[in-house]
Structure formats: structure tokens, C-alpha cells
Amino acid sequence: MPEVKRVKLAEGIEGAIRPMPLIQLPTSLHAELEGWLNQTIPQLVADRKSNLFRRHKWLSTLRGKRSDPAITRDASNMSVPLTIWVSSNTRARQIEGIFNIPPFVTAQPLGGEREGAGVQESLKTANALQKFLESEVRNPLALDGYNAGEKIITEKTNYGTSALKVFIEADKVLLVPPGDAVDIIRGRPKWAYVSFEDLIYWDGYGTDTQAMPYVGHEFPRTWAEMLTWVEMGYYEKSAVNAVKAFYDDNKPGRDSSSPVTVIEHPIAELYLNFPTTVRQNEDGSTTIGLPAALIVDYHMKAQKILRVTWNTNPRGVRPIFVDQFDVNPDPRLLQGQGVCEKLEGAQDETDAVHNIGIEAGKLAAAHLIGVKMGSQAEKDLGGGDPIMPGDLYASEDPDDDVTTKPLGDPNAAVVAVQLEEHTRQYVMRMFGFDEGSLGDTTAGKRVPASLGLSIQREGKIPTSHSLSKSSNMYTDAMYLTIDLYRQVLPMDSLIAAVGQEAAQNLLTTVFAVADVEARNQFVINVTAQDASTINEQRKNELMMMTQFLFGFYDKLVQMGMLAAQVPPEFQPILTDIVEKIQNAVRLLLSNIESIQNPEDVIPEVAAAIRELGQLSQSIAGGSPGGAPVQSGAA
């Protein structure tokens with residue numbers, strides 16, 4: 001646990017907060033860093049936002065609205081919910097495959113002993129760690145991983161890209177009225193969703209945020225929050241004062257109806273490697289020190305650095321991880337492809353064909369009525385006046401006096417529906433859906449066999465690839481999370497999740513080893529597969545285990561029959577063999593997720609075999625090798 005220090009807050013109030021030491025860069029390096037950020041960040045943000053108009057168009061489509069104008073005035077303007085149901089079904093399958101099929105995370109010990117009590121102890125520690133991490137991910141007051149993951153899946157499914165941030169939230173200091181007491185709300189490790197619209201990144205590195213010159217995200221922070229951070233020693237007071245001047249009360253254009261304290265300031269939190277020292281050489285030259293892993297808070301409008309501090313993550317890991325739905329055609333770009341982009345052409349084409357079919361049907365139903373000039377019908381119907389439905393007229397030759405001409409072809413609507421059906425079949429093929437089971441998260445594997453084989457062969461199920469990418473991202477995030485728990489460990493949550501004894505074991509064997517990364521202690525895996533695939537795997541797994549257990553039971557029965565025939569000196573050996581077999585099976589079953597409690601399927605027969613052997617020997621008179629009792633003797 002980090003040390004806690006006493007600091008003097010505003011108005012002479014004292015409170016204990018965790019230190020976040022600021023780094024005072026040399027003047028030349030500070031100016032160089034600030035100038036670099038001033039030059040690059042506006043361009044990076046402009047490049048990212050240049051394509052946001054497409055996101056607004058796709059959002060309109062997801063809401064069931066056409067982004068294009070109507071075909072003609074007063075014509076149909078209906079949108080086929082192609083993108084809507086694909087997005088909804090794909091998103092549901094990913095949430096189901098990642099969060100709703102426990103366990104979300106699994107932990108296995110890495111290295112160490114291979115047999116004996118050490119193996120059992122290592123497995124016990126790994127199981128306790130897994131249980132703790134599982135509870136933290138699903139607890140909205142802890143990591144809040146479920147809510148963050150749901151937002152990430154929604155955004156990346158629709159638009160192609162989203163991000164996860166793993167961090168330790170800062171301590172908060174609040175005055176408790178009516179006295180001068182200070183309430184310190186302790187920060188703890190958190191997972192947070194970072195929208196692509198807020199991400200600050202460099203293209204050319206794909207999704208590798210660790211290799212970029214810097215990576216970060218923008219967010220609003222009120223003036224009151226900034227003042228609190230100054231008092232807590234998190235922000236440079238001089239830099240914040242410069243920002244205050246930028247938002248002066250008398251500054252032209254400022255909304256005077258909003259108090260200064262609630263004005264939101266655009267902050268960019270950036271992770272980068274940058275030198276912190278400059279050494280003067282004897283010959284008058286200067287040598288810049290090695291780069292260090294830093295965190296920089298940068299005011300985007302005032303173009304001022306508010307703080308520079310250390311990135312204390314192991315090896316300076318940058319805690320922003322990017323998740324893509326499908327890879328961009330240019331793999332160097334961070335922005336991936338989502339459902340909206342992949343279906344944009346098909347959606348527009350289907351909407352156009354659909355509305356043309358509706359218009360054709362309307363025209364075919366509304367005929368043009370023609371009246372022969374000079375006929376009685378013309379006189380009765382009013383000559384040039386419009387003819388309305390229900391008008392009556394008397395004519396000796398109605399077929400000659402009045403005719404109807406269809407304005408459209410009724411077959412056009414049928415053709416439009418057929419074309420629309422072909423497009424849906426194309427989408428089914430692209431995403432592996434069974435349209436007869438829309439909304440069912442397991443529908444992807446219930447397509448016809450020939451179509452399913454074709455889809456696998458052509459590799460056109462981006463959902464499966466997306467789940468694989470998510471698994472990799474959450475696994476990296478989980479390793480960093482374990483390392484953050486070594487800095488700030490919520491013992492109350494740990495004890496509540498695993499109990500007092502297991503919590504103490506984790507504290508001493510996992511969270512106290514600050515110089516060893518979690519990757520060197522455990523193999524962490526995040527389960528992320530298609531729900532139907534997992535269900536099929538579990539079914540096959542249980543069938544195989546049933547066959548295995550039948551063989552195991554058969555061996556135990558044979559051992560029991562053998563116990564009635566072996567001499568007494570072999571009884572301990574036979575019992576020991578049975579116990580070893582049971583231990584091996586128990587160890588195997590404890591590593592299979594489908595079997596929650598191995599003891600439910602392992603019979604304890606070693607003691608029974610021992611008693612059976614003793615009973616058989618006493619019946620035989622206790623003589624070694626005595627003949628077994630013969631049943632049915634005359």
C-alpha cells in the first residue's frame with residue numbers, strides 16, 4: 001500500500017491523501033513538450049473528427065431513419081431495419097459471449113511445483129484470485145467492468161472502434177458540514193469506457209497504443225475540480241492560474257449565466273515517454289537524459305500543461321487498450337470497421353429498392369381514368385372536373401366511354417421484395433445469422449450445414465474475430481489490473497469475495513510481490529466466445545467426461561472385487577493405488593469449468609475397499625492366500 005501523508009488543505013484544514021508527486025521539468029524540456037503538444041494535438045483531433053459526420057449518418061440509420069432525402073415529394077421514405085437487427089443481434093451475441101457466460105476470467109498458476117501439496121496450494125491461490133477478479137469486474141462499485149464493457153461492445157459493434165482505460169481513480173476530498181472535517185473518499189482501481197470520439201491517438205501503429213508517440217483521451221473537468229486538484233497537490237498552481245486567466249469572468253463571449261466554478265475545461269490526459277533531465281557537460285554542451293514513462297494533463301483550449309507525473313504502471317504500460325469490431329482494410333489505422341460501415345451500401349440499396357417497390361404498388365393501385373369526349377359519361381361526370389372514386393354515371397357503352405389505365409406495374413412490388421430478400425440473404429451470409437431466429441444470441445450456429453461450412457471456409461463471420469480481439473484486450477487489461485491492486489488493494493472487497501483466510505493468502509503471495517509482474521505468476525484468460533460455440537463445447541465436454549467417469553467407475557469396481565482376493569500384505573498397496581487414482585481424477589476435474597464440485601462425481605471407495613479386504617480375510621480364516629468363499633456349495 002502506498003504511504004499516506006498529511007497535507008494542508010484550503011482554510012487550514014488537514015487531511016490525509018495519497019501522494020501523486022509532480023515532476024518539475026527543466027524549463028527547456030517543459031517548453032519543448034508543451035510546444036510539441038500544441039502543434040500535434042489540434043491536428044490529431046481534427047483528423048479524428050473529420051469522419052464524425054458518417055457516425056451521425058449511421059446513428060440516424062440505427063434509429064430507423066433514412067439519412068437520404070425522399071425519392072420524390074410526398075413519396076415513401078421508409079428504412080428497412082437491416083442495420084438495426086444486425087447490430088442488435090451482433091451486440092447481444094458479444095455481450096453474451098463475454099460477460100454472461102461465467103467465468104469471465106480464469107487464472108492458472110505459472111511454473112512452480114508440478115506435484116504434491118504445492119500444486120494444490122497454487123491452484124487454491126489461483127482459484128481465490130479468479131473469484132476476487134470475477135466479483136470486482138461485475139461490481140459497479142468496484143472495477144465496474146460490466147458497464148464499461150457493455151458500452152465498448154455497443155460502440156465498436158456499430159462504429160468499429162472503442163477503448164478501455166484501466167486506472168486508479170484519484171482520492172477525493174470533501175468538506176463535511178457544518179464543521180471543518182474532511183471526508184477523504186479513497187480511490188481504487190477502475191475500468192472506464194473511452195469513446196472513439198474522445199480518443200487521442202497516432203495512426204500508423206494500428207491498435208498498438210504502447211508503440212505510439214503518445215496516446216490519451218479528452219474529458220471535461222470543472223473549475224471547482226481543478227481547484228481541488230491544486231489544493232491536493234495534483235496540479236501546478238501557476239499553470240491553473242494561467243488557465244483561470246484564459247477563462248476570466250470579464251472575457252468577451254463568456255456565458256455570464258454560468259458560475260465560473262461549473263465551467264467545464266477540456267482536458268487531455270496523455271501517456272508518453274519523455275526525458276525529465278538535462279545535464280550540463282564540462283565543454284558547455286548539454287545531454288538530455290533517458291525517456292521516462294510520464295502522465296501529462298494538458299488543457300486543450302488554453303494549450304497549457306497542468307501536471308507532469310510518473311506513470312507508475314509496471315514497465316510504464318499505457319493503460320488505454322483499443323478494441324476493434326473488424327480490422328480496417330488498412331491495418332495501420334486504428335479505426336476499425338463496424339456493422340454500420342460494413343452494411344452501408346447494402347442498407348442504402350435495400351432502402352431504395354424497398355421504397356421504389358412501395359411507390360410502384362401505389363401507382364398500380366391508383367389508375368388513370370379516361371372519359372371519351374362527347375360521350376354521355378363526359379356530360380354526367382362534369383366534363384373537365386376531376387373524377388372521384390364513387391362517382392356514378394349512366395352509359396350505354398361504358399367500356400367505350402370510360403377506360404382505366406394503370407400508372408404502375410403491380411409486379412414491381414413483387415420484384416422489390418425479392419431483391420430485398422436477396423440482400424438479407426447476403427447479410428446472413430456475411431454475419432452467419434439464421435434469419436429465422438433473429439434476436440436469438442445462439443442463432444449464428446443454426447444456419448444450414450452447407451451454408452455454415454461455406455461461411456467457415458470463406459471466413460465471413462466478423463463476430464468471432466471480434467470476440468477474439470476482445471479477449472486479448474481484456475486479458476491485457478486484467479494483467480494490469482492485478483498490478484494496480486498491488487498499489488491500492490481494497491481489503492474489504494477482497495475479504496468479502498474470498499474470505500479472511502484466502503484474502504490473507506492473496507495479500508502475501510500475490511499482491512505483496514511488487515517487483516514481479518502478474519504475467520510471471522499466473523496465466524490469465526478472459527473467456528470470449530460465441531455463446532452457441534461455448535454451449536456446444538460444454539455439451540461435448542460433458543459427454544466426454546461422462547465416458548471417462550464410466551471407465552473410472554468400472555476400474556473402481558474391479559479394484560473392489562480384487563480386494564476380496566488379495567493377501568493381507570497387499571491390502572495397503574491396493575488401497576493406496578485407489579487413493580492415488582481418486583486424487584488424479586479429482587485434480588483433473590477441478591480444472592474443468594463445467595464441473596463445479598468434483599466431489600459430487602467421485603465416490604470415496606478407498607475405505608470401503610480396505611474394510612472389504614479385511615472382511616474377506618476374516619471369513620477365510622485369516623490365512624494368507626485363503627480361498628474365497630464359495631457360494632452355492634451343497
# chains A, B, ... in the order shown; residues from 1 in each chain; ligands from 1
>>> select_by_dssp(residues="range 198-313 of chain A", states="strand (DSSP E)", output="mmCIF file with C-alpha atoms, in the first residue's frame")
data_model
loop_
_atom_site.group_PDB
_atom_site.id
_atom_site.type_symbol
_atom_site.label_atom_id
_atom_site.label_comp_id
_atom_site.auth_asym_id
_atom_site.auth_seq_id
_atom_site.Cartn_x
_atom_site.Cartn_y
_atom_site.Cartn_z
ATOM 1 C CA LEU A 199 -9.547 9.156 -28.031
ATOM 2 C CA ILE A 200 -6.281 10.920 -28.902
ATOM 3 C CA TYR A 214 1.694 9.323 -27.121
ATOM 4 C CA VAL A 215 -1.868 8.190 -26.511
ATOM 5 C CA GLY A 216 -4.634 9.562 -24.339
ATOM 6 C CA HIS A 217 -8.164 10.833 -24.216
ATOM 7 C CA GLU A 218 -10.003 14.090 -23.615
ATOM 8 C CA PHE A 219 -12.606 14.709 -20.917
ATOM 9 C CA PRO A 220 -14.227 17.714 -19.193
ATOM 10 C CA ARG A 221 -13.180 18.891 -15.729
ATOM 11 C CA THR A 222 -14.917 21.721 -13.907
ATOM 12 C CA GLU A 264 -16.070 22.649 -17.893
ATOM 13 C CA HIS A 265 -12.497 22.722 -19.142
ATOM 14 C CA PRO A 266 -11.367 20.343 -21.923
ATOM 15 C CA ILE A 267 -8.514 18.254 -20.505
ATOM 16 C CA ALA A 268 -6.382 15.731 -22.376
ATOM 17 C CA GLU A 269 -4.746 13.041 -20.252
ATOM 18 C CA LEU A 270 -1.748 11.736 -22.178
ATOM 19 C CA TYR A 271 0.633 8.822 -21.658
ATOM 20 C CA LEU A 272 4.063 9.173 -23.237
ATOM 21 C CA ASN A 273 7.780 8.606 -22.823
ATOM 22 C CA PHE A 274 9.758 11.820 -22.451
ATOM 23 C CA PRO A 275 13.081 12.778 -20.806
ATOM 24 C CA VAL A 278 19.165 17.783 -18.813
ATOM 25 C CA ARG A 279 22.841 17.538 -17.827
ATOM 26 C CA GLN A 280 25.338 20.315 -18.431
ATOM 27 C CA THR A 286 24.009 19.623 -22.781
ATOM 28 C CA THR A 287 22.963 15.990 -22.656
ATOM 29 C CA ILE A 288 19.312 15.039 -22.389
ATOM 30 C CA PRO A 291 12.998 8.985 -21.619
ATOM 31 C CA ALA A 292 10.729 8.160 -18.690
ATOM 32 C CA ALA A 293 7.124 6.961 -18.632
ATOM 33 C CA LEU A 294 5.002 10.012 -17.808
ATOM 34 C CA ILE A 295 1.399 11.135 -17.426
ATOM 35 C CA VAL A 296 0.615 14.634 -18.665
ATOM 36 C CA ASP A 297 -2.603 16.607 -18.161
ATOM 37 C CA TYR A 298 -2.948 19.195 -20.920
ATOM 38 C CA HIS A 299 -5.546 21.961 -21.206
ATOM 39 C CA LYS A 304 -1.122 24.646 -21.083
ATOM 40 C CA ILE A 305 0.394 21.673 -19.280
ATOM 41 C CA LEU A 306 -1.303 21.330 -15.891
ATOM 42 C CA ARG A 307 0.745 18.486 -14.483
ATOM 43 C CA VAL A 308 3.545 16.063 -15.275
ATOM 44 C CA THR A 309 3.808 12.976 -13.079
ATOM 45 C CA TRP A 310 5.191 9.458 -13.194
#
>>> residues_around(residues="Arg91 in chain A", least_positions_apart="4", cutoff="9 Å", atoms="only C-alpha atoms", output="compact mmCIF listing (two decimals) with C-alpha atoms, in the first residue's frame")
# COMPACT_ATOMS: atom_id res chain seq x y z
CA VAL A 86 -27.76 -6.93 -37.41
CA SER A 87 -26.32 -4.50 -34.85
CA ILE A 95 -22.24 -9.43 -24.53
CA GLU A 96 -23.49 -12.98 -24.05
CA GLU A 150 -21.27 -3.09 -22.50
CA ILE A 153 -19.24 -3.50 -27.27
CA THR A 154 -22.06 -1.19 -28.32
CA THR A 157 -20.16 -3.03 -32.97
CA ASN A 158 -21.80 -0.01 -34.53
CA THR A 463 -18.30 -11.55 -34.79
>>> closest_residue(among="A:Lys165, A:Arg63, A:Lys49, A:Lys172", to="Ser79 in chain A", atoms="only C-alpha atoms")
A:Arg63
>>> closest_residue(among="A:His367, A:Lys301, A:Arg486, A:Lys469", to="Asn38 in chain A", atoms="only C-alpha atoms")
A:Lys301
>>> atom_distance(atom1="CA of Ser60 in chain A", atom2="CA of Asn89 in chain A")
18.2 Å
>>> residues_around(residues="range 506-512 of chain A", least_positions_apart="6", cutoff="12 Å", atoms="only C-alpha atoms", output="ChimeraX atom specification")
/A:1-2,109,121-122,124-133,481-491,494-495,497-500,518-522
>>> write_last_selection(atoms="C-alpha atoms", output="PDB file, in the first residue's frame")
ATOM      1  CA  MET A   1       0.000   0.000   0.000  1.00  0.00           C
ATOM      2  CA  PRO A   2       1.359   3.480  -0.807  1.00  0.00           C
ATOM      3  CA  PRO A 109      -0.512 -20.716 -11.731  1.00  0.00           C
ATOM      4  CA  GLU A 121      -1.782 -24.662  -2.799  1.00  0.00           C
ATOM      5  CA  SER A 122      -1.036 -22.950  -6.123  1.00  0.00           C
ATOM      6  CA  LYS A 124      -6.111 -22.782  -4.355  1.00  0.00           C
ATOM      7  CA  THR A 125      -4.428 -19.378  -4.691  1.00  0.00           C
ATOM      8  CA  ALA A 126      -5.320 -19.127  -8.394  1.00  0.00           C
ATOM      9  CA  ASN A 127      -8.947 -20.032  -7.688  1.00  0.00           C
ATOM     10  CA  ALA A 128      -9.169 -17.370  -4.967  1.00  0.00           C
ATOM     11  CA  LEU A 129      -7.644 -14.782  -7.318  1.00  0.00           C
ATOM     12  CA  GLN A 130     -10.117 -15.761 -10.038  1.00  0.00           C
ATOM     13  CA  LYS A 131     -13.042 -15.437  -7.643  1.00  0.00           C
ATOM     14  CA  PHE A 132     -11.885 -11.997  -6.491  1.00  0.00           C
ATOM     15  CA  LEU A 133     -11.355 -10.678 -10.021  1.00  0.00           C
ATOM     16  CA  THR A 481      -5.422  -4.557 -13.007  1.00  0.00           C
ATOM     17  CA  ILE A 482      -3.691  -7.154 -10.818  1.00  0.00           C
ATOM     18  CA  ASP A 483      -0.573  -4.983 -10.760  1.00  0.00           C
ATOM     19  CA  LEU A 484      -2.672  -1.952  -9.745  1.00  0.00           C
ATOM     20  CA  TYR A 485      -4.144  -3.910  -6.831  1.00  0.00           C
ATOM     21  CA  ARG A 486      -0.586  -4.136  -5.511  1.00  0.00           C
ATOM     22  CA  GLN A 487      -0.637  -0.344  -5.232  1.00  0.00           C
ATOM     23  CA  VAL A 488      -4.194   0.101  -3.955  1.00  0.00           C
ATOM     24  CA  LEU A 489      -5.870  -3.034  -2.589  1.00  0.00           C
ATOM     25  CA  PRO A 490      -9.474  -2.800  -1.279  1.00  0.00           C
ATOM     26  CA  MET A 491      -9.166  -5.305   1.539  1.00  0.00           C
ATOM     27  CA  LEU A 494     -11.180  -8.892  -1.059  1.00  0.00           C
ATOM     28  CA  ILE A 495     -12.354 -10.390   2.235  1.00  0.00           C
ATOM     29  CA  ALA A 497     -15.200 -12.094  -2.048  1.00  0.00           C
ATOM     30  CA  VAL A 498     -12.907 -14.891  -0.852  1.00  0.00           C
ATOM     31  CA  GLY A 499     -12.973 -14.899   2.961  1.00  0.00           C
ATOM     32  CA  GLN A 500     -10.432 -13.894   5.598  1.00  0.00           C
ATOM     33  CA  ALA A 518       1.373 -10.696 -12.779  1.00  0.00           C
ATOM     34  CA  ARG A 519       2.324 -12.216 -16.154  1.00  0.00           C
ATOM     35  CA  ASN A 520       5.183 -14.024 -14.427  1.00  0.00           C
ATOM     36  CA  GLN A 521       2.917 -15.560 -11.774  1.00  0.00           C
ATOM     37  CA  PHE A 522      -0.346 -16.521 -13.471  1.00  0.00           C
TER      38      PHE A 522
END
>>> select_by_dssp(residues="range 306-363 of chain A", states="helix (DSSP H, G or I)", output="PyMOL selection string")
chain A and resi 314-316+339-342+344-363
